[in-house]
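Engineer: To be precise about what I am sending: the file is called start-v2.cif and holds mmCIF, C-alpha atoms and all ligand atoms.
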```
data_protein
#
loop_
_atom_site.label_atom_id
_atom_site.label_comp_id
_atom_site.auth_asym_id
_atom_site.auth_seq_id
_atom_site.Cartn_x
_atom_site.Cartn_y
_atom_site.Cartn_z
CA LYS A 1 -5.61 -128.72 18.57
CA ILE A 2 -3.76 -126.34 16.27
CA SER A 3 -2.86 -122.83 17.43
CA PRO A 4 -5.32 -120.14 16.31
CA TYR A 5 -2.30 -118.35 14.88
CA ALA A 6 -0.94 -121.25 12.82
CA ALA A 7 -1.31 -119.07 9.72
CA LEU A 8 1.58 -116.91 11.03
CA ASP A 9 4.01 -119.77 11.77
CA GLY A 10 7.46 -119.16 10.34
CA LEU A 11 6.42 -115.75 9.01
CA TYR A 12 5.89 -113.71 12.19
CA GLU A 13 6.90 -114.22 15.83
CA LEU A 14 4.01 -113.02 18.01
CA HIS A 15 4.65 -110.87 21.10
CA GLU A 16 2.40 -109.05 23.58
CA THR A 17 -1.17 -107.96 22.95
CA VAL A 18 -1.17 -104.15 22.97
CA GLY A 19 -4.79 -103.28 22.51
CA SER A 20 -8.12 -104.78 21.85
CA GLY A 21 -10.74 -102.68 20.13
CA GLY A 22 -14.32 -103.92 19.87
CA PHE A 23 -13.93 -106.92 17.60
CA ALA A 24 -10.17 -106.75 17.04
CA LYS A 25 -7.08 -107.70 19.04
CA VAL A 26 -3.75 -106.03 18.18
CA LYS A 27 -0.50 -107.89 18.88
CA VAL A 28 3.08 -106.75 18.35
CA ALA A 29 5.04 -109.20 16.18
CA THR A 30 8.39 -109.59 14.43
CA HIS A 31 8.54 -110.10 10.66
CA VAL A 32 11.00 -113.01 10.53
CA LEU A 33 12.84 -112.19 7.25
CA THR A 34 13.70 -108.60 8.20
CA GLY A 35 13.59 -108.79 12.01
CA ASP A 36 11.39 -105.64 11.91
CA LYS A 37 8.49 -105.09 14.32
CA VAL A 38 4.93 -104.99 13.00
CA ALA A 39 1.47 -104.77 14.55
CA ILE A 40 -1.02 -107.50 13.69
CA LYS A 41 -4.74 -106.72 13.96
CA ILE A 42 -6.51 -110.05 14.52
CA MET A 43 -10.23 -110.44 13.97
CA ASP A 44 -12.46 -113.44 14.51
CA LYS A 45 -14.90 -113.80 11.61
CA LYS A 46 -17.66 -115.29 13.77
CA GLN A 47 -17.45 -112.34 16.22
CA LEU A 48 -17.40 -109.89 13.30
CA GLY A 49 -20.81 -111.07 12.08
CA GLU A 50 -22.40 -108.37 9.96
CA ASP A 51 -19.31 -106.15 10.52
CA LEU A 52 -17.32 -108.40 8.16
CA PRO A 53 -18.03 -106.21 5.10
CA ARG A 54 -16.66 -103.20 7.08
CA ILE A 55 -13.33 -105.00 7.49
CA HIS A 56 -13.14 -105.80 3.80
CA LEU A 57 -13.89 -102.11 3.16
CA GLU A 58 -11.05 -101.10 5.54
CA ILE A 59 -8.64 -103.52 3.83
CA GLU A 60 -9.53 -102.32 0.32
CA ALA A 61 -9.17 -98.68 1.41
CA MET A 62 -5.79 -99.29 3.06
CA LYS A 63 -4.47 -101.11 -0.03
CA HIS A 64 -5.03 -97.91 -2.00
CA LEU A 65 -3.76 -95.49 0.65
CA SER A 66 0.06 -95.45 0.86
CA HIS A 67 1.17 -92.27 2.63
CA GLN A 68 3.81 -91.32 5.21
CA HIS A 69 1.12 -90.28 7.72
CA ILE A 70 -1.19 -93.27 7.21
CA CYS A 71 -0.51 -96.56 8.99
CA LYS A 72 0.78 -98.87 6.23
CA LEU A 73 -0.94 -102.18 5.53
CA TYR A 74 1.72 -104.82 4.70
CA GLN A 75 -0.11 -108.12 4.44
CA VAL A 76 -3.57 -109.64 4.79
CA ILE A 77 -4.03 -113.29 5.83
CA GLU A 78 -7.54 -114.70 5.77
CA THR A 79 -8.33 -118.18 7.13
CA ASP A 80 -11.80 -119.68 7.50
CA ALA A 81 -11.95 -118.43 11.09
CA LYS A 82 -9.77 -115.31 11.23
CA ILE A 83 -8.54 -112.22 9.38
CA PHE A 84 -5.02 -110.95 10.11
CA MET A 85 -3.99 -107.43 9.04
CA VAL A 86 -0.22 -106.93 9.26
CA LEU A 87 0.34 -103.22 9.88
CA GLU A 88 3.07 -100.62 10.37
CA TYR A 89 4.28 -100.65 14.00
CA CYS A 90 3.59 -97.41 15.91
CA PRO A 91 5.34 -97.69 19.30
CA GLY A 92 4.63 -94.08 20.28
CA GLY A 93 1.06 -94.84 21.31
CA GLU A 94 -1.99 -92.67 20.68
CA LEU A 95 -1.92 -88.90 20.12
CA PHE A 96 -4.72 -88.93 22.72
CA ASP A 97 -2.09 -89.58 25.43
CA TYR A 98 -0.21 -86.40 24.48
CA ILE A 99 -3.19 -84.07 24.66
CA ASP A 100 -2.84 -81.74 27.58
CA ARG A 101 -2.86 -78.34 25.88
CA LEU A 102 0.14 -78.25 23.52
CA GLU A 103 2.12 -75.09 22.68
CA GLU A 104 0.93 -73.54 19.42
CA GLU A 105 4.01 -74.65 17.44
CA GLU A 106 3.76 -78.24 18.78
CA ALA A 107 0.07 -78.36 17.78
CA ARG A 108 0.98 -76.89 14.36
CA ILE A 109 3.58 -79.62 13.67
CA PHE A 110 1.12 -82.41 14.55
CA PHE A 111 -1.74 -80.75 12.69
CA ARG A 112 0.32 -80.25 9.49
CA GLU A 113 0.83 -84.03 9.39
CA ILE A 114 -2.90 -84.67 9.90
CA VAL A 115 -3.80 -82.19 7.11
CA SER A 116 -1.26 -83.87 4.80
CA ALA A 117 -2.84 -87.30 5.41
CA VAL A 118 -6.46 -86.09 5.05
CA ALA A 119 -5.66 -84.06 1.89
CA TYR A 120 -4.13 -87.22 0.38
CA ILE A 121 -7.17 -89.34 1.39
CA HIS A 122 -9.62 -86.81 -0.10
CA GLU A 123 -7.57 -86.56 -3.32
CA MET A 124 -7.76 -90.37 -3.56
CA GLY A 125 -11.56 -90.09 -3.41
CA TYR A 126 -11.94 -91.33 0.17
CA ALA A 127 -13.13 -89.85 3.46
CA HIS A 128 -11.99 -91.19 6.84
CA ARG A 129 -15.16 -90.30 8.83
CA ASP A 130 -13.74 -91.20 12.23
CA LEU A 131 -10.97 -88.65 12.78
CA LYS A 132 -10.14 -88.43 16.50
CA PRO A 133 -6.95 -88.52 18.65
CA GLU A 134 -7.42 -92.24 19.43
CA ASN A 135 -7.01 -92.93 15.71
CA LEU A 136 -3.72 -91.07 15.42
CA LEU A 137 -0.66 -93.06 16.51
CA LEU A 138 3.00 -92.09 16.74
CA ASP A 139 5.78 -94.13 15.13
CA ASP A 140 9.36 -94.56 16.37
CA GLU A 141 10.24 -91.13 14.96
CA GLN A 142 7.26 -89.37 16.63
CA LYS A 143 5.54 -89.02 13.26
CA LEU A 144 1.74 -89.30 13.17
CA LYS A 145 0.06 -92.30 11.54
CA LEU A 146 -3.68 -92.35 10.87
CA ILE A 147 -5.39 -95.67 11.65
CA ASP A 148 -8.79 -97.38 11.65
CA PHE A 149 -10.28 -97.01 8.18
CA GLY A 150 -13.22 -99.18 9.19
CA LEU A 151 -15.60 -96.26 8.56
CA CYS A 152 -13.69 -94.99 5.57
CA ALA A 153 -16.01 -94.25 2.68
CA ASN A 154 -15.24 -94.31 -0.96
CA PRO A 155 -18.77 -93.81 -2.32
CA SER A 156 -18.98 -95.39 -5.76
CA GLY A 157 -20.23 -92.02 -7.05
CA GLY A 158 -17.00 -90.37 -5.96
CA MET A 159 -16.79 -87.80 -3.18
CA ASP A 160 -19.93 -85.90 -4.05
CA GLN A 161 -22.22 -88.85 -3.54
CA ARG A 162 -24.04 -88.18 -0.27
CA LEU A 163 -23.49 -90.53 2.65
CA ALA A 164 -26.31 -91.37 5.01
CA THR A 165 -24.89 -93.78 7.57
CA CYS A 166 -24.29 -92.00 10.81
CA CYS A 167 -20.94 -93.05 12.27
CA GLY A 168 -17.80 -91.90 14.05
CA SER A 169 -17.56 -90.60 17.60
CA PRO A 170 -20.20 -88.06 18.72
CA ALA A 171 -17.87 -85.37 20.14
CA TYR A 172 -16.05 -85.19 16.78
CA ALA A 173 -19.17 -85.54 14.60
CA ALA A 174 -20.30 -82.71 12.32
CA PRO A 175 -23.71 -80.97 12.85
CA GLU A 176 -25.15 -82.34 9.57
CA LEU A 177 -24.15 -85.83 10.70
CA VAL A 178 -25.74 -85.62 14.18
CA SER A 179 -28.86 -84.06 12.60
CA GLY A 180 -29.21 -87.25 10.55
CA ARG A 181 -29.04 -85.27 7.32
CA GLN A 182 -27.16 -86.60 4.29
CA TYR A 183 -23.59 -85.34 4.28
CA LEU A 184 -20.32 -85.29 2.35
CA GLY A 185 -17.58 -87.36 4.01
CA SER A 186 -14.94 -84.78 3.09
CA GLU A 187 -16.91 -81.93 4.73
CA ALA A 188 -17.52 -84.02 7.87
CA ASP A 189 -13.79 -84.79 8.03
CA ILE A 190 -12.97 -81.05 8.07
CA TRP A 191 -15.30 -80.51 11.05
CA SER A 192 -13.66 -83.42 12.92
CA MET A 193 -10.25 -81.91 12.19
CA GLY A 194 -11.48 -78.63 13.70
CA VAL A 195 -12.50 -80.48 16.88
CA LEU A 196 -9.10 -82.24 16.85
CA LEU A 197 -7.14 -78.98 16.50
CA TYR A 198 -9.22 -77.40 19.29
CA ALA A 199 -8.41 -80.38 21.56
CA LEU A 200 -4.69 -80.04 20.73
CA LEU A 201 -4.66 -76.29 21.48
CA CYS A 202 -6.93 -76.32 24.54
CA GLY A 203 -6.57 -79.77 26.11
CA PHE A 204 -10.36 -80.24 26.23
CA LEU A 205 -13.22 -80.63 23.71
CA PRO A 206 -15.17 -77.71 22.13
CA PHE A 207 -18.47 -79.59 22.42
CA ASP A 208 -18.87 -81.90 25.38
CA ASP A 209 -21.71 -83.23 27.51
CA GLU A 210 -22.49 -86.57 29.07
CA ASN A 211 -26.06 -86.25 27.84
CA LEU A 212 -26.01 -87.21 24.15
CA SER A 213 -28.90 -84.98 23.03
CA THR A 214 -27.40 -81.98 24.90
CA LEU A 215 -24.09 -82.73 23.16
CA TYR A 216 -25.88 -82.81 19.79
CA ARG A 217 -27.54 -79.45 20.53
CA LYS A 218 -24.19 -77.89 21.39
CA ILE A 219 -22.67 -79.23 18.14
CA GLN A 220 -25.60 -77.93 16.10
CA SER A 221 -25.28 -74.51 17.75
CA GLY A 222 -21.63 -74.36 16.67
CA LYS A 223 -20.88 -72.29 19.79
CA TYR A 224 -17.78 -73.13 21.80
CA GLU A 225 -15.53 -71.52 24.43
CA LYS A 226 -12.50 -69.55 23.19
CA PRO A 227 -9.92 -69.66 26.03
CA GLU A 228 -7.89 -66.43 26.30
CA TRP A 229 -4.64 -68.23 25.38
CA LEU A 230 -5.93 -68.93 21.83
CA SER A 231 -4.15 -66.65 19.33
CA GLU A 232 -6.02 -64.63 16.71
CA GLY A 233 -4.68 -66.89 13.94
CA SER A 234 -5.81 -70.13 15.62
CA ARG A 235 -9.25 -68.66 16.40
CA ASN A 236 -9.69 -67.81 12.68
CA LEU A 237 -8.57 -71.25 11.56
CA LEU A 238 -10.86 -73.00 14.07
CA ALA A 239 -13.78 -70.79 12.99
CA SER A 240 -13.23 -71.71 9.33
CA MET A 241 -13.36 -75.45 10.15
CA LEU A 242 -16.12 -75.37 12.78
CA GLN A 243 -18.67 -73.82 10.43
CA VAL A 244 -22.13 -75.36 11.07
CA GLU A 245 -23.08 -74.82 7.40
CA PRO A 246 -20.96 -77.43 5.51
CA LYS A 247 -20.79 -75.29 2.38
CA ARG A 248 -19.17 -72.44 4.36
CA ARG A 249 -16.55 -74.78 5.81
CA ILE A 250 -12.95 -74.49 4.56
CA THR A 251 -11.82 -77.33 2.25
CA VAL A 252 -8.64 -79.34 2.81
CA ARG A 253 -7.02 -77.79 -0.27
CA TYR A 254 -7.24 -74.31 1.33
CA LEU A 255 -5.89 -75.75 4.58
CA LEU A 256 -2.68 -76.77 2.81
CA SER A 257 -1.65 -73.10 2.47
CA HIS A 258 -3.53 -71.58 5.43
CA PRO A 259 -1.33 -68.85 7.05
CA TRP A 260 -1.68 -70.32 10.58
CA LEU A 261 -0.57 -73.74 9.32
CA ILE A 262 2.40 -72.24 7.48
CA GLY A 263 3.55 -70.23 10.52
CA ASP A 264 7.26 -69.76 10.04
CA HIS A 265 7.56 -73.07 8.18
CA PRO A 266 9.22 -72.39 4.82
CA HIS A 267 6.55 -74.03 2.67
CA PRO A 268 2.86 -75.03 2.44
CA ILE A 269 1.86 -78.54 3.49
CA ASP A 270 2.73 -81.14 0.87
CA PRO A 271 0.05 -83.88 0.63
CA THR A 272 1.95 -86.02 -1.89
CA SER A 273 2.93 -89.48 -0.73
CA ILE A 274 6.66 -90.27 -0.36
CA TYR A 275 5.94 -93.76 -1.73
CA LYS A 276 6.42 -94.33 -5.44
CA LYS A 277 3.17 -94.12 -7.37
CA VAL A 278 4.33 -96.43 -10.10
CA GLY A 279 7.19 -98.88 -10.42
CA VAL A 280 9.20 -100.62 -7.75
CA ASP A 281 12.41 -99.94 -5.84
CA GLU A 282 15.20 -101.80 -7.68
CA ASP A 283 17.51 -102.06 -4.62
CA VAL A 284 14.75 -103.85 -2.73
CA ILE A 285 14.01 -106.14 -5.69
CA THR A 286 17.72 -107.00 -5.89
CA GLU A 287 18.00 -107.82 -2.17
CA ILE A 288 14.97 -110.13 -2.34
CA ALA A 289 16.19 -111.79 -5.57
CA VAL A 290 19.65 -112.47 -4.14
CA HIS A 291 18.16 -113.76 -0.87
CA GLN A 292 15.77 -116.10 -2.69
CA GLY A 293 18.20 -117.07 -5.47
CA LYS A 294 15.69 -115.90 -8.07
CA SER A 295 16.05 -113.55 -11.07
CA ARG A 296 15.15 -109.88 -10.54
CA VAL A 297 12.64 -110.17 -13.41
CA ALA A 298 10.80 -112.99 -11.60
CA VAL A 299 10.82 -111.14 -8.24
CA ARG A 300 9.72 -107.86 -9.85
CA GLN A 301 6.84 -109.66 -11.57
CA SER A 302 5.62 -111.28 -8.31
CA VAL A 303 5.97 -108.05 -6.31
CA CYS A 304 3.94 -106.16 -8.92
CA GLU A 305 0.99 -108.45 -8.39
CA TRP A 306 0.57 -106.61 -5.02
CA SER A 307 -1.19 -109.65 -3.56
CA TYR A 308 -0.52 -108.41 0.00
CA ASP A 309 1.11 -111.73 0.85
CA TYR A 310 4.42 -112.27 2.68
CA LEU A 311 6.37 -111.03 -0.36
CA THR A 312 4.40 -107.75 -0.36
CA ALA A 313 5.10 -107.34 3.36
CA THR A 314 8.82 -108.07 2.87
CA TYR A 315 8.99 -105.59 -0.03
CA PHE A 316 7.23 -102.78 1.91
CA LEU A 317 9.34 -103.34 5.06
CA LEU A 318 12.55 -103.06 3.02
CA VAL A 319 11.21 -99.88 1.33
CA MET A 320 10.48 -98.44 4.80
CA ARG A 321 14.03 -99.33 5.91
CA LYS A 322 15.46 -97.54 2.88
CA LEU A 323 13.30 -94.43 3.54
CA LYS A 324 14.62 -94.37 7.13
CA GLY A 325 18.24 -94.76 5.99
CA ARG A 326 18.54 -98.25 7.44
CA PRO A 327 20.30 -101.10 5.55
CA VAL A 328 18.13 -102.85 2.94
CA ARG A 329 19.01 -106.31 4.25
CA LEU A 330 17.18 -109.63 4.77
CA LEU A 331 18.30 -111.95 7.57
CA PRO A 332 19.98 -115.17 6.42
CA LYS A 333 17.47 -117.99 6.14
CA VAL A 334 17.54 -120.22 9.19
CA THR A 335 16.65 -123.71 7.99
CA THR A 336 15.09 -125.37 10.99
CA LEU A 337 16.36 -128.94 10.75
CA GLY A 338 13.94 -131.85 11.17
C1 LIG B 401 -8.62 -97.05 18.69
N1 LIG B 401 -7.77 -97.65 19.69
C2 LIG B 401 -8.35 -97.76 21.02
C3 LIG B 401 -7.32 -98.99 19.22
C4 LIG B 401 -5.90 -99.21 19.69
C5 LIG B 401 -5.45 -100.63 19.33
C6 LIG B 401 -3.99 -100.83 19.73
C7 LIG B 401 -3.10 -99.78 19.11
N2 LIG B 401 -1.70 -99.93 19.42
C8 LIG B 401 -1.31 -99.75 20.75
O1 LIG B 401 -2.14 -99.55 21.64
N3 LIG B 401 0.02 -99.78 21.09
C9 LIG B 401 0.99 -100.29 20.24
C10 LIG B 401 0.62 -100.22 18.81
C11 LIG B 401 1.64 -100.28 17.89
N4 LIG B 401 1.40 -100.26 16.60
C12 LIG B 401 0.12 -100.23 16.15
C13 LIG B 401 -0.07 -100.24 14.76
C14 LIG B 401 -1.31 -100.26 14.23
C15 LIG B 401 -2.44 -100.26 15.06
C16 LIG B 401 -3.77 -100.27 14.44
C17 LIG B 401 -3.88 -99.98 13.05
C18 LIG B 401 -5.12 -100.00 12.46
CL1 LIG B 401 -5.28 -99.61 10.79
C19 LIG B 401 -6.27 -100.29 13.19
O2 LIG B 401 -7.49 -100.30 12.59
C20 LIG B 401 -6.14 -100.57 14.56
CL2 LIG B 401 -7.56 -100.94 15.48
C21 LIG B 401 -4.91 -100.57 15.19
C22 LIG B 401 -2.30 -100.24 16.43
C23 LIG B 401 -1.00 -100.19 17.02
C24 LIG B 401 -0.73 -100.12 18.42
C25 LIG B 401 -3.58 -98.36 19.41
C26 LIG B 401 -5.01 -98.18 18.98
#
```
Turn the structure described in the file into structure tokens.
Structural biologist:
Amino acid sequence: KISPYAALDGLYELHETVGSGGFAKVKVATHVLTGDKVAIKIMDKKQLGEDLPRIHLEIEAMKHLSHQHICKLYQVIETDAKIFMVLEYCPGGELFDYIDRLEEEEARIFFREIVSAVAYIHEMGYAHRDLKPENLLLDDEQKLKLIDFGLCANPSGGMDQRLATCCGSPAYAAPELVSGRQYLGSEADIWSMGVLLYALLCGFLPFDDENLSTLYRKIQSGKYEKPEWLSEGSRNLLASMLQVEPKRRITVRYLLSHPWLIGDHPHPIDPTSIYKKVGVDEDVITEIAVHQGKSRVAVRQSVCEWSYDYLTATYFLLVMRKLKGRPVRLLPKVTTLG
């Protein structure tokens, strides 16, 4: 009987299981060549059933979304029984665990990172469609990382093609979505961000009810409590995002330079990704070439295939090390004798 994780042998050392979503199990692991921690999302194809296309959608979306506030996909391993997604490790847990009414400046710092990620996603022609605190993790530097692109839409007709499938979590869902009307993913994302910001500033949800149809009515009314501690600026920002009429809702581009979000920060929010758009990092190519005894030309060529194999993972992990000011080093190969 071979181990269900035989596909990872020699590449990753598996550690504890940290979470299991519906059809996925997430384990912490160590990438052997760098010694860096990763998270591996493990899915059983049989259990996935008709959800399998959703996973392929999530994988394709994550391959195109490289941003400092989006959980990085490093490698995909698909066997006949399982799919493994090797992901950026976020040891800080879920933003959800930090929500008990943050100070305005704390909420602003988190929310600036969320706006940066969503602006990038929308510019890339995607919508997340399941924005909520459970899908925002913190890395080892307390930076936010957006996860779970299983509902991410990239309608073939670009962002203006209307989406019909109702999805996401009710308390964060936009009125047009809970009314079953067609909707624009980008507009629904802005509403969810409004609910998120409200939760950060207040410590509870703007629309909440254990009865689903009562919850829907509250969302469609667009009426919510404004606790006295909410400043004028945050009330205005919340009102511009929690507009029942999608066309009256603020767009993410205006959010980037919204006065409340700038606060006394020196500059507007910058949505551009810190990762190189084109080309590769030559220091990383060199380290891999030396380690493997191959020419840099050959290594550069293989890396630029972006096949999301072990080489892609090794490349990205070394790029991450460089961005964090850590040494761009691979561990000496341990040849297991016998
Ligand atoms: C929606 N929730 C309930 C599901 C839980 C599952 C476990 C998670 N987790 C921990 O609990 N602690 C450690 C930990 C460390 N690094 C992680 C990196 C990535 C992901 C990740 C990334 C993507 Cl893209 C994705 O789709 C999914 Cl499901 C998970 C989870 C991590 C993680 C937190 C969210």
Engineer: One decimal, Å: what's the distance from CA of His31 (chain A) over to CA of Glu13 (chain A), could you say?
Structural biologist: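 About the pair CA of His31 (chain A) and CA of Glu13 (chain A): they are 6.8 Å apart.
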Engineer: Show me, as a PyMOL selection string, the residues that have an atom within 8 Å of region 308-310 of chain A when counting only C-alpha atoms, minus same-chain residues fewer than 3 positions from it.
Structural biologist: chain A and resi 11+74-77+313-314
Engineer: If we count all atoms listed in the file, what is near Leu256 (chain A) at a cut-off of 12 Å, once residues fewer than 4 positions away on the same chain are taken out, given as a ChimeraX atom specification?
Structural biologist: /A:111-120,237,250-252,260-263,267-272
Engineer: Can you tell me which residues come within 7 Å of ligand LIG 401 (chain B) when counting all atoms listed in the file, ideally as a ChimeraX atom specification?
Structural biologist: /A:18-21,24,26,28,38-39,41,71,87-91,93-94,134-135,137,147-150
Engineer: A:Glu123, A:Asp209, A:Glu245, A:Glu225: which is nearest Ser273 (chain A), counting all atoms listed in the file?
Structural biologist: A:Glu123
Engineer: Using CA of Leu136 (chain A) and CA of Arg217 (chain A) as the two end points, give the distance in Å to one decimal.
Structural biologist: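 Separation of CA of Leu136 (chain A) and CA of Arg217 (chain A): 27.0 Å.
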Engineer: Compare A:Lys226, A:Lys82, A:Lys276, A:His69 by their minimum atom-to-atom distance to Phe316 (chain A), counting only C-alpha atoms, and give me the closest one.
Structural biologist: A:Lys276
Engineer: Of the candidates A:Tyr198, A:Glu282, A:Ala188, A:Asp140, which one gets nearest to Ile99 (chain A) if we count all atoms listed in the file?
Structural biologist: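 Among the listed residues, the smallest separation from Ile99 (chain A) belongs to A:Tyr198.
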Engineer: One decimal, Å: what's the distance from CA of Ser302 (chain A) over to CA of Met320 (chain A), could you say?
Structural biologist: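 Between CA of Ser302 (chain A) and CA of Met320 (chain A) the gap works out to 19.0 Å.
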Engineer: Pick the closest to Leu138 (chain A) from A:Ser307, A:Gln47, A:Gln68, A:Gln182: which is it, counting all atoms listed in the file?
Structural biologist: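 Result for the nearest residue to Leu138 (chain A): A:Gln68.
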Engineer: Scan for residues within 6 Å of the point (-21.8, -81.3, 14.8) in the coordinates of the file, using only C-alpha atoms, and reply as a PyMOL selection string.
Structural biologist: chain A and resi 173-175+178+219-220
Engineer: So, with all atoms listed in the file as the atoms that count, which of A:Ile288, A:Ile190, A:Leu95, A:Leu33 lies closest to Asp130 (chain A)?
Structural biologist: A:Ile190
Engineer: Can you list, as JSON, numbers by chain, every protein, DNA or RNA residue that comes within 8 Å of Ala81 (chain A) when you count all atoms listed in the file, leaving out same-chain residues fewer than 5 positions away?
Structural biologist: {"A": [44, 45, 46]}
